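Data from structure.cif: mmCIF, N, CA and C atoms
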data_data
#
loop_
_atom_site.label_atom_id
_atom_site.label_comp_id
_atom_site.auth_asym_id
_atom_site.auth_seq_id
_atom_site.Cartn_x
_atom_site.Cartn_y
_atom_site.Cartn_z
N GLN A 1 -17.79 4.78 8.06
CA GLN A 1 -18.30 5.79 7.14
C GLN A 1 -18.12 5.35 5.70
N VAL A 2 -18.91 5.95 4.85
CA VAL A 2 -18.83 5.70 3.41
C VAL A 2 -18.50 7.01 2.72
N GLN A 3 -17.51 6.98 1.84
CA GLN A 3 -17.16 8.16 1.05
C GLN A 3 -17.61 7.94 -0.38
N LEU A 4 -18.16 8.99 -0.97
CA LEU A 4 -18.70 8.91 -2.33
C LEU A 4 -18.08 9.99 -3.20
N VAL A 5 -17.65 9.62 -4.39
CA VAL A 5 -17.05 10.57 -5.32
C VAL A 5 -17.70 10.39 -6.69
N GLU A 6 -18.35 11.46 -7.15
CA GLU A 6 -19.02 11.42 -8.45
C GLU A 6 -18.10 11.87 -9.57
N SER A 7 -18.41 11.42 -10.76
CA SER A 7 -17.71 11.87 -11.97
C SER A 7 -18.63 11.66 -13.16
N GLY A 8 -18.25 12.26 -14.28
CA GLY A 8 -19.00 12.03 -15.51
C GLY A 8 -19.91 13.16 -15.95
N GLY A 9 -20.02 14.19 -15.13
CA GLY A 9 -20.86 15.31 -15.53
C GLY A 9 -20.23 16.09 -16.68
N GLY A 10 -21.00 17.01 -17.23
CA GLY A 10 -20.49 17.82 -18.32
C GLY A 10 -21.61 18.56 -19.01
N SER A 11 -21.28 19.10 -20.16
CA SER A 11 -22.25 19.85 -20.96
C SER A 11 -22.60 19.05 -22.20
N VAL A 12 -23.87 19.02 -22.52
CA VAL A 12 -24.36 18.26 -23.66
C VAL A 12 -25.57 18.96 -24.25
N GLN A 13 -25.80 18.73 -25.52
CA GLN A 13 -26.99 19.30 -26.16
C GLN A 13 -28.21 18.43 -25.86
N ALA A 14 -29.36 19.03 -25.95
CA ALA A 14 -30.61 18.31 -25.74
C ALA A 14 -30.66 17.11 -26.68
N GLY A 15 -31.12 15.99 -26.13
CA GLY A 15 -31.17 14.76 -26.89
C GLY A 15 -29.94 13.89 -26.71
N GLY A 16 -28.91 14.44 -26.12
CA GLY A 16 -27.67 13.71 -25.92
C GLY A 16 -27.71 12.83 -24.70
N SER A 17 -26.56 12.20 -24.43
CA SER A 17 -26.46 11.25 -23.32
C SER A 17 -25.22 11.54 -22.49
N LEU A 18 -25.29 11.17 -21.23
CA LEU A 18 -24.16 11.20 -20.32
C LEU A 18 -24.29 10.01 -19.38
N ARG A 19 -23.15 9.56 -18.87
CA ARG A 19 -23.17 8.53 -17.83
C ARG A 19 -22.41 9.04 -16.62
N LEU A 20 -23.10 9.12 -15.52
CA LEU A 20 -22.49 9.51 -14.25
C LEU A 20 -22.00 8.27 -13.52
N SER A 21 -20.90 8.43 -12.80
CA SER A 21 -20.37 7.36 -11.97
C SER A 21 -20.21 7.87 -10.54
N CYS A 22 -20.31 6.96 -9.60
CA CYS A 22 -20.11 7.28 -8.20
C CYS A 22 -19.30 6.17 -7.57
N ALA A 23 -18.07 6.49 -7.20
CA ALA A 23 -17.19 5.50 -6.58
C ALA A 23 -17.34 5.57 -5.07
N ALA A 24 -17.63 4.43 -4.48
CA ALA A 24 -17.82 4.35 -3.03
C ALA A 24 -16.60 3.70 -2.38
N SER A 25 -16.26 4.21 -1.21
CA SER A 25 -15.16 3.62 -0.45
C SER A 25 -15.50 3.69 1.03
N GLY A 26 -14.73 2.97 1.82
CA GLY A 26 -15.02 2.93 3.25
C GLY A 26 -15.85 1.72 3.59
N TYR A 27 -16.80 1.88 4.50
CA TYR A 27 -17.64 0.77 4.95
C TYR A 27 -18.79 0.52 3.98
N THR A 28 -18.43 0.16 2.76
CA THR A 28 -19.44 -0.01 1.71
C THR A 28 -20.36 -1.19 1.98
N TYR A 29 -19.92 -2.13 2.81
CA TYR A 29 -20.78 -3.28 3.10
C TYR A 29 -22.05 -2.86 3.83
N SER A 30 -22.04 -1.68 4.41
CA SER A 30 -23.19 -1.22 5.18
C SER A 30 -24.24 -0.52 4.33
N THR A 31 -23.96 -0.30 3.06
CA THR A 31 -24.92 0.43 2.22
C THR A 31 -26.12 -0.46 1.90
N ALA A 32 -27.31 0.04 2.17
CA ALA A 32 -28.54 -0.68 1.86
C ALA A 32 -29.16 -0.18 0.57
N CYS A 33 -28.84 1.03 0.20
CA CYS A 33 -29.31 1.57 -1.07
C CYS A 33 -28.38 2.69 -1.49
N MET A 34 -28.38 2.97 -2.77
CA MET A 34 -27.63 4.09 -3.30
C MET A 34 -28.49 4.78 -4.35
N GLY A 35 -28.32 6.09 -4.44
CA GLY A 35 -29.18 6.81 -5.36
C GLY A 35 -28.57 8.09 -5.87
N TRP A 36 -29.34 8.75 -6.70
CA TRP A 36 -28.95 10.04 -7.27
C TRP A 36 -30.02 11.07 -6.94
N VAL A 37 -29.56 12.20 -6.50
CA VAL A 37 -30.42 13.32 -6.17
C VAL A 37 -29.88 14.53 -6.91
N ARG A 38 -30.73 15.37 -7.44
CA ARG A 38 -30.26 16.54 -8.19
C ARG A 38 -30.91 17.80 -7.67
N GLN A 39 -30.21 18.90 -7.92
CA GLN A 39 -30.75 20.22 -7.58
C GLN A 39 -30.40 21.18 -8.69
N GLY A 40 -31.43 21.64 -9.37
CA GLY A 40 -31.25 22.59 -10.44
C GLY A 40 -31.21 24.01 -9.93
N PRO A 41 -30.80 24.95 -10.78
CA PRO A 41 -30.74 26.35 -10.35
C PRO A 41 -32.13 26.86 -9.95
N GLY A 42 -32.23 27.35 -8.76
CA GLY A 42 -33.49 27.90 -8.27
C GLY A 42 -34.54 26.86 -7.97
N LYS A 43 -34.14 25.60 -7.94
CA LYS A 43 -35.09 24.52 -7.69
C LYS A 43 -34.80 23.81 -6.40
N GLU A 44 -35.79 23.09 -5.90
CA GLU A 44 -35.58 22.28 -4.72
C GLU A 44 -34.87 20.98 -5.10
N ARG A 45 -34.30 20.36 -4.09
CA ARG A 45 -33.66 19.08 -4.29
C ARG A 45 -34.68 18.04 -4.75
N GLU A 46 -34.29 17.18 -5.70
CA GLU A 46 -35.22 16.24 -6.30
C GLU A 46 -34.57 14.86 -6.40
N GLY A 47 -35.25 13.86 -5.92
CA GLY A 47 -34.77 12.50 -6.09
C GLY A 47 -34.88 12.09 -7.54
N VAL A 48 -33.86 11.40 -8.04
CA VAL A 48 -33.83 10.99 -9.44
C VAL A 48 -34.01 9.48 -9.57
N ALA A 49 -33.16 8.72 -8.90
CA ALA A 49 -33.22 7.26 -8.99
C ALA A 49 -32.53 6.67 -7.78
N VAL A 50 -32.99 5.50 -7.38
CA VAL A 50 -32.39 4.78 -6.26
C VAL A 50 -32.39 3.29 -6.59
N ILE A 51 -31.37 2.60 -6.10
CA ILE A 51 -31.29 1.16 -6.26
C ILE A 51 -31.04 0.55 -4.90
N TYR A 52 -31.79 -0.51 -4.60
CA TYR A 52 -31.67 -1.18 -3.31
C TYR A 52 -30.65 -2.31 -3.46
N THR A 53 -29.62 -2.23 -2.64
CA THR A 53 -28.45 -3.07 -2.82
C THR A 53 -28.77 -4.56 -2.77
N GLY A 54 -29.59 -4.98 -1.84
CA GLY A 54 -29.87 -6.40 -1.67
C GLY A 54 -30.69 -6.98 -2.80
N SER A 55 -31.80 -6.34 -3.13
CA SER A 55 -32.74 -6.87 -4.12
C SER A 55 -32.42 -6.44 -5.54
N GLY A 56 -31.73 -5.32 -5.68
CA GLY A 56 -31.49 -4.78 -7.01
C GLY A 56 -32.68 -4.01 -7.57
N SER A 57 -33.72 -3.88 -6.78
CA SER A 57 -34.90 -3.15 -7.26
C SER A 57 -34.57 -1.67 -7.36
N THR A 58 -35.30 -1.00 -8.23
CA THR A 58 -35.03 0.41 -8.51
C THR A 58 -36.31 1.23 -8.41
N TYR A 59 -36.11 2.51 -8.26
CA TYR A 59 -37.23 3.46 -8.17
C TYR A 59 -36.77 4.74 -8.83
N TYR A 60 -37.64 5.30 -9.71
CA TYR A 60 -37.28 6.48 -10.47
C TYR A 60 -38.28 7.60 -10.25
N ALA A 61 -37.79 8.81 -10.43
CA ALA A 61 -38.69 9.94 -10.50
C ALA A 61 -39.47 9.85 -11.82
N ASP A 62 -40.71 10.27 -11.79
CA ASP A 62 -41.52 10.20 -13.01
C ASP A 62 -40.88 10.98 -14.16
N SER A 63 -40.18 12.05 -13.82
CA SER A 63 -39.60 12.93 -14.84
C SER A 63 -38.47 12.27 -15.62
N VAL A 64 -37.92 11.18 -15.11
CA VAL A 64 -36.78 10.54 -15.79
C VAL A 64 -37.07 9.12 -16.23
N LYS A 65 -38.23 8.59 -15.90
CA LYS A 65 -38.56 7.22 -16.28
C LYS A 65 -38.48 7.04 -17.79
N GLY A 66 -37.86 5.95 -18.19
CA GLY A 66 -37.71 5.67 -19.61
C GLY A 66 -36.53 6.34 -20.26
N ARG A 67 -35.89 7.27 -19.54
CA ARG A 67 -34.72 7.98 -20.09
C ARG A 67 -33.45 7.67 -19.30
N PHE A 68 -33.58 7.53 -18.01
CA PHE A 68 -32.42 7.30 -17.13
C PHE A 68 -32.45 5.86 -16.63
N THR A 69 -31.25 5.31 -16.42
CA THR A 69 -31.12 3.97 -15.87
C THR A 69 -30.05 3.96 -14.78
N ILE A 70 -30.43 3.50 -13.60
CA ILE A 70 -29.47 3.38 -12.50
C ILE A 70 -28.99 1.94 -12.43
N SER A 71 -27.70 1.78 -12.16
CA SER A 71 -27.14 0.44 -12.03
C SER A 71 -25.95 0.48 -11.08
N GLN A 72 -25.51 -0.70 -10.67
CA GLN A 72 -24.37 -0.74 -9.76
C GLN A 72 -23.46 -1.90 -10.13
N ASP A 73 -22.19 -1.70 -9.90
CA ASP A 73 -21.20 -2.76 -10.08
C ASP A 73 -20.62 -3.03 -8.70
N ASN A 74 -21.09 -4.08 -8.07
CA ASN A 74 -20.68 -4.36 -6.70
C ASN A 74 -19.19 -4.67 -6.60
N ALA A 75 -18.64 -5.29 -7.62
CA ALA A 75 -17.22 -5.64 -7.60
C ALA A 75 -16.35 -4.38 -7.58
N LYS A 76 -16.84 -3.33 -8.21
CA LYS A 76 -16.09 -2.08 -8.27
C LYS A 76 -16.58 -1.05 -7.27
N ASN A 77 -17.61 -1.40 -6.50
CA ASN A 77 -18.21 -0.44 -5.55
C ASN A 77 -18.56 0.87 -6.25
N THR A 78 -19.17 0.74 -7.40
CA THR A 78 -19.48 1.91 -8.21
C THR A 78 -20.94 1.92 -8.62
N LEU A 79 -21.53 3.08 -8.52
CA LEU A 79 -22.91 3.33 -8.92
C LEU A 79 -22.88 4.13 -10.22
N TYR A 80 -23.84 3.85 -11.09
CA TYR A 80 -23.92 4.55 -12.37
C TYR A 80 -25.31 5.13 -12.58
N LEU A 81 -25.34 6.17 -13.41
CA LEU A 81 -26.61 6.71 -13.88
C LEU A 81 -26.45 7.00 -15.36
N GLN A 82 -27.05 6.17 -16.19
CA GLN A 82 -27.04 6.40 -17.63
C GLN A 82 -28.20 7.32 -17.96
N MET A 83 -27.87 8.45 -18.56
CA MET A 83 -28.89 9.45 -18.86
C MET A 83 -28.97 9.63 -20.38
N ASN A 84 -30.11 9.29 -20.93
CA ASN A 84 -30.34 9.43 -22.37
C ASN A 84 -31.45 10.45 -22.63
N SER A 85 -31.53 10.89 -23.87
CA SER A 85 -32.57 11.85 -24.26
C SER A 85 -32.63 13.02 -23.29
N LEU A 86 -31.49 13.58 -22.99
CA LEU A 86 -31.42 14.65 -22.01
C LEU A 86 -32.18 15.88 -22.47
N LYS A 87 -32.77 16.57 -21.50
CA LYS A 87 -33.55 17.77 -21.74
C LYS A 87 -32.93 18.94 -20.97
N PRO A 88 -33.16 20.16 -21.39
CA PRO A 88 -32.64 21.31 -20.64
C PRO A 88 -33.07 21.30 -19.18
N GLU A 89 -34.25 20.79 -18.91
CA GLU A 89 -34.72 20.75 -17.52
C GLU A 89 -33.98 19.72 -16.67
N ASP A 90 -33.13 18.92 -17.29
CA ASP A 90 -32.29 17.99 -16.52
C ASP A 90 -31.04 18.69 -15.99
N THR A 91 -30.82 19.93 -16.39
CA THR A 91 -29.66 20.68 -15.92
C THR A 91 -29.71 20.82 -14.40
N ALA A 92 -28.65 20.37 -13.75
CA ALA A 92 -28.62 20.38 -12.28
C ALA A 92 -27.26 19.88 -11.80
N MET A 93 -27.04 20.07 -10.51
CA MET A 93 -25.94 19.40 -9.84
C MET A 93 -26.49 18.04 -9.40
N TYR A 94 -25.78 16.99 -9.76
CA TYR A 94 -26.21 15.64 -9.43
C TYR A 94 -25.35 15.09 -8.29
N TYR A 95 -26.03 14.64 -7.26
CA TYR A 95 -25.35 14.12 -6.08
C TYR A 95 -25.60 12.62 -5.95
N CYS A 96 -24.56 11.91 -5.61
CA CYS A 96 -24.67 10.50 -5.27
C CYS A 96 -24.92 10.42 -3.76
N ALA A 97 -25.76 9.49 -3.35
CA ALA A 97 -26.07 9.35 -1.94
C ALA A 97 -26.25 7.88 -1.59
N ALA A 98 -26.03 7.58 -0.32
CA ALA A 98 -26.15 6.19 0.13
C ALA A 98 -26.91 6.12 1.44
N GLY A 99 -27.77 5.13 1.52
CA GLY A 99 -28.44 4.82 2.77
C GLY A 99 -27.70 3.69 3.44
N LEU A 100 -27.49 3.80 4.74
CA LEU A 100 -26.69 2.82 5.46
C LEU A 100 -27.58 1.95 6.33
N ASN A 101 -27.34 0.66 6.28
CA ASN A 101 -28.03 -0.33 7.10
C ASN A 101 -29.49 -0.55 6.70
N ASN A 102 -30.25 0.51 6.46
CA ASN A 102 -31.61 0.32 5.97
C ASN A 102 -32.02 1.55 5.19
N CYS A 103 -32.97 1.34 4.30
CA CYS A 103 -33.45 2.42 3.44
C CYS A 103 -34.96 2.39 3.37
N TYR A 104 -35.54 3.56 3.20
CA TYR A 104 -36.97 3.66 3.01
C TYR A 104 -37.30 3.46 1.54
N SER A 105 -38.56 3.26 1.26
CA SER A 105 -39.00 3.10 -0.11
C SER A 105 -40.38 3.72 -0.25
N GLY A 106 -40.80 3.90 -1.48
CA GLY A 106 -42.17 4.32 -1.74
C GLY A 106 -42.32 5.77 -2.15
N SER A 107 -41.57 6.66 -1.54
CA SER A 107 -41.68 8.06 -1.93
C SER A 107 -40.37 8.77 -1.62
N TRP A 108 -40.08 9.80 -2.42
CA TRP A 108 -38.83 10.52 -2.22
C TRP A 108 -38.81 11.26 -0.89
N SER A 109 -39.95 11.64 -0.41
CA SER A 109 -40.01 12.34 0.88
C SER A 109 -39.55 11.45 2.02
N SER A 110 -39.60 10.14 1.81
CA SER A 110 -39.08 9.19 2.80
C SER A 110 -37.66 8.76 2.47
N ILE A 111 -37.38 8.59 1.19
CA ILE A 111 -36.08 8.05 0.76
C ILE A 111 -34.95 9.03 1.03
N ILE A 112 -35.12 10.27 0.61
CA ILE A 112 -34.02 11.23 0.68
C ILE A 112 -33.55 11.49 2.12
N PRO A 113 -34.45 11.69 3.07
CA PRO A 113 -33.96 11.91 4.44
C PRO A 113 -33.19 10.72 5.01
N GLY A 114 -33.39 9.54 4.40
CA GLY A 114 -32.70 8.35 4.87
C GLY A 114 -31.28 8.21 4.35
N PHE A 115 -30.91 9.01 3.38
CA PHE A 115 -29.53 8.97 2.88
C PHE A 115 -28.58 9.53 3.94
N ARG A 116 -27.54 8.80 4.24
CA ARG A 116 -26.62 9.20 5.30
C ARG A 116 -25.25 9.61 4.79
N ALA A 117 -24.93 9.27 3.54
CA ALA A 117 -23.65 9.67 2.96
C ALA A 117 -23.93 10.36 1.63
N TRP A 118 -23.17 11.42 1.38
CA TRP A 118 -23.37 12.23 0.18
C TRP A 118 -22.03 12.53 -0.48
N GLY A 119 -22.05 12.57 -1.81
CA GLY A 119 -20.89 13.03 -2.54
C GLY A 119 -20.91 14.54 -2.70
N GLN A 120 -19.90 15.05 -3.36
CA GLN A 120 -19.78 16.50 -3.55
C GLN A 120 -20.58 17.00 -4.74
N GLY A 121 -20.98 16.12 -5.61
CA GLY A 121 -21.81 16.50 -6.75
C GLY A 121 -21.02 16.64 -8.03
N THR A 122 -21.71 16.47 -9.14
CA THR A 122 -21.14 16.68 -10.46
C THR A 122 -22.18 17.41 -11.30
N GLN A 123 -21.74 18.43 -12.01
CA GLN A 123 -22.66 19.32 -12.74
C GLN A 123 -23.02 18.73 -14.10
N VAL A 124 -24.30 18.76 -14.40
CA VAL A 124 -24.80 18.38 -15.72
C VAL A 124 -25.52 19.58 -16.30
N THR A 125 -25.11 19.98 -17.49
CA THR A 125 -25.73 21.12 -18.16
C THR A 125 -26.21 20.68 -19.54
N VAL A 126 -27.49 20.88 -19.80
CA VAL A 126 -28.08 20.47 -21.08
C VAL A 126 -28.56 21.73 -21.79
N SER A 127 -28.04 21.96 -22.97
CA SER A 127 -28.42 23.15 -23.73
C SER A 127 -29.42 22.78 -24.82
N SER A 128 -30.27 23.74 -25.14
CA SER A 128 -31.32 23.49 -26.14
C SER A 128 -30.82 23.79 -27.53
#
Represent the structure from my file as structure tokens, please.
Amino acid sequence: QVQLVESGGGSVQAGGSLRLSCAASGYTYSTACMGWVRQGPGKEREGVAVIYTGSGSTYYADSVKGRFTISQDNAKNTLYLQMNSLKPEDTAMYYCAAGLNNCYSGSWSSIIPGFRAWGQGTQVTVSS
């Protein structure tokens, strides 16, 4: 199993920045991809960004392209999400997730169901 623990959430004004971290432990060698998924108040779950462990390729939601950057530090088994130019609509609980052994690509409707490990989430609140 893989355990995921997020940190770095908080409250920030619109236009500000935050960096989320996700520390992975356990059978981390089995992770094929890691990503961030968010759920805002009264909203459905939404894929934000994913990185494929082997290739390093990334995939973003259109709503965050150019503002958010996903990265990983394999030596530290840590996933990051750098969030810049934050907007009130970015307010949500952000969850770290991992796909094990293999991951889908191309659309969030395929990617998200493939995540097999989830963190507890970290809250991000952006005020206008």
Just the residues within 5 Å of range 54-71 of chain A, please, counting all atoms listed in the file, with nothing from its chain fewer than 4 positions along; format it as a ChimeraX atom specification. /A:48-50,79-84
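Using only C-alpha atoms, the smallest distance between any of A:Thr91, A:Ser21, A:Thr122, A:Ser30 and Gln72 in chain A comes from A:Ser21.
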Exercise. Taking the chain letters and numbering used in this document, name the residues of range 10-121 of chain A that DSSP puts in helix (DSSP H, G or I), as a list of chain:residue names.
Key: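 DSSP on the backbone gives helix (DSSP H, G or I) at A:Thr28, A:Tyr29, A:Ser30, A:Pro88, A:Glu89, A:Asp90, A:Trp108, A:Ser109, A:Ser110, A:Ile111, A:Ile112, A:Pro113, A:Gly114.
For the atom pair formed by atom C of Thr78 in chain A and atom C of Ala23 in chain A, the distance is 6.2 Å, given to one decimal.
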Practice item. Step by step, work through what the PyMOL selection byres ((chain A and resi 32-43) around 7) selects in the shown file, and finish by giving those residues as JSON, numbers by chain. Key: {"A": [29, 30, 31, 44, 45, 46, 47, 48, 49, 50, 51, 52, 53, 54, 90, 91, 92, 93, 94, 95, 96, 97, 98, 99, 100, 101, 102, 103]}
Notebook entry, point to check: Written as a PyMOL selection string, what is the full residue list that the PyMOL selection byres ((chain A and resi 25) around 7) yields on the file shown?
Noted result: chain A and resi 1-5+23-24+26-28+77
Between atom N of Gly119 in chain A and atom N of Ser107 in chain A lies a distance of 20.4 Å
Separating atom C of Ser7 in chain A from atom N of Cys22 in chain A, to the nearest tenth of an Å, is a gap of 6.1 Å
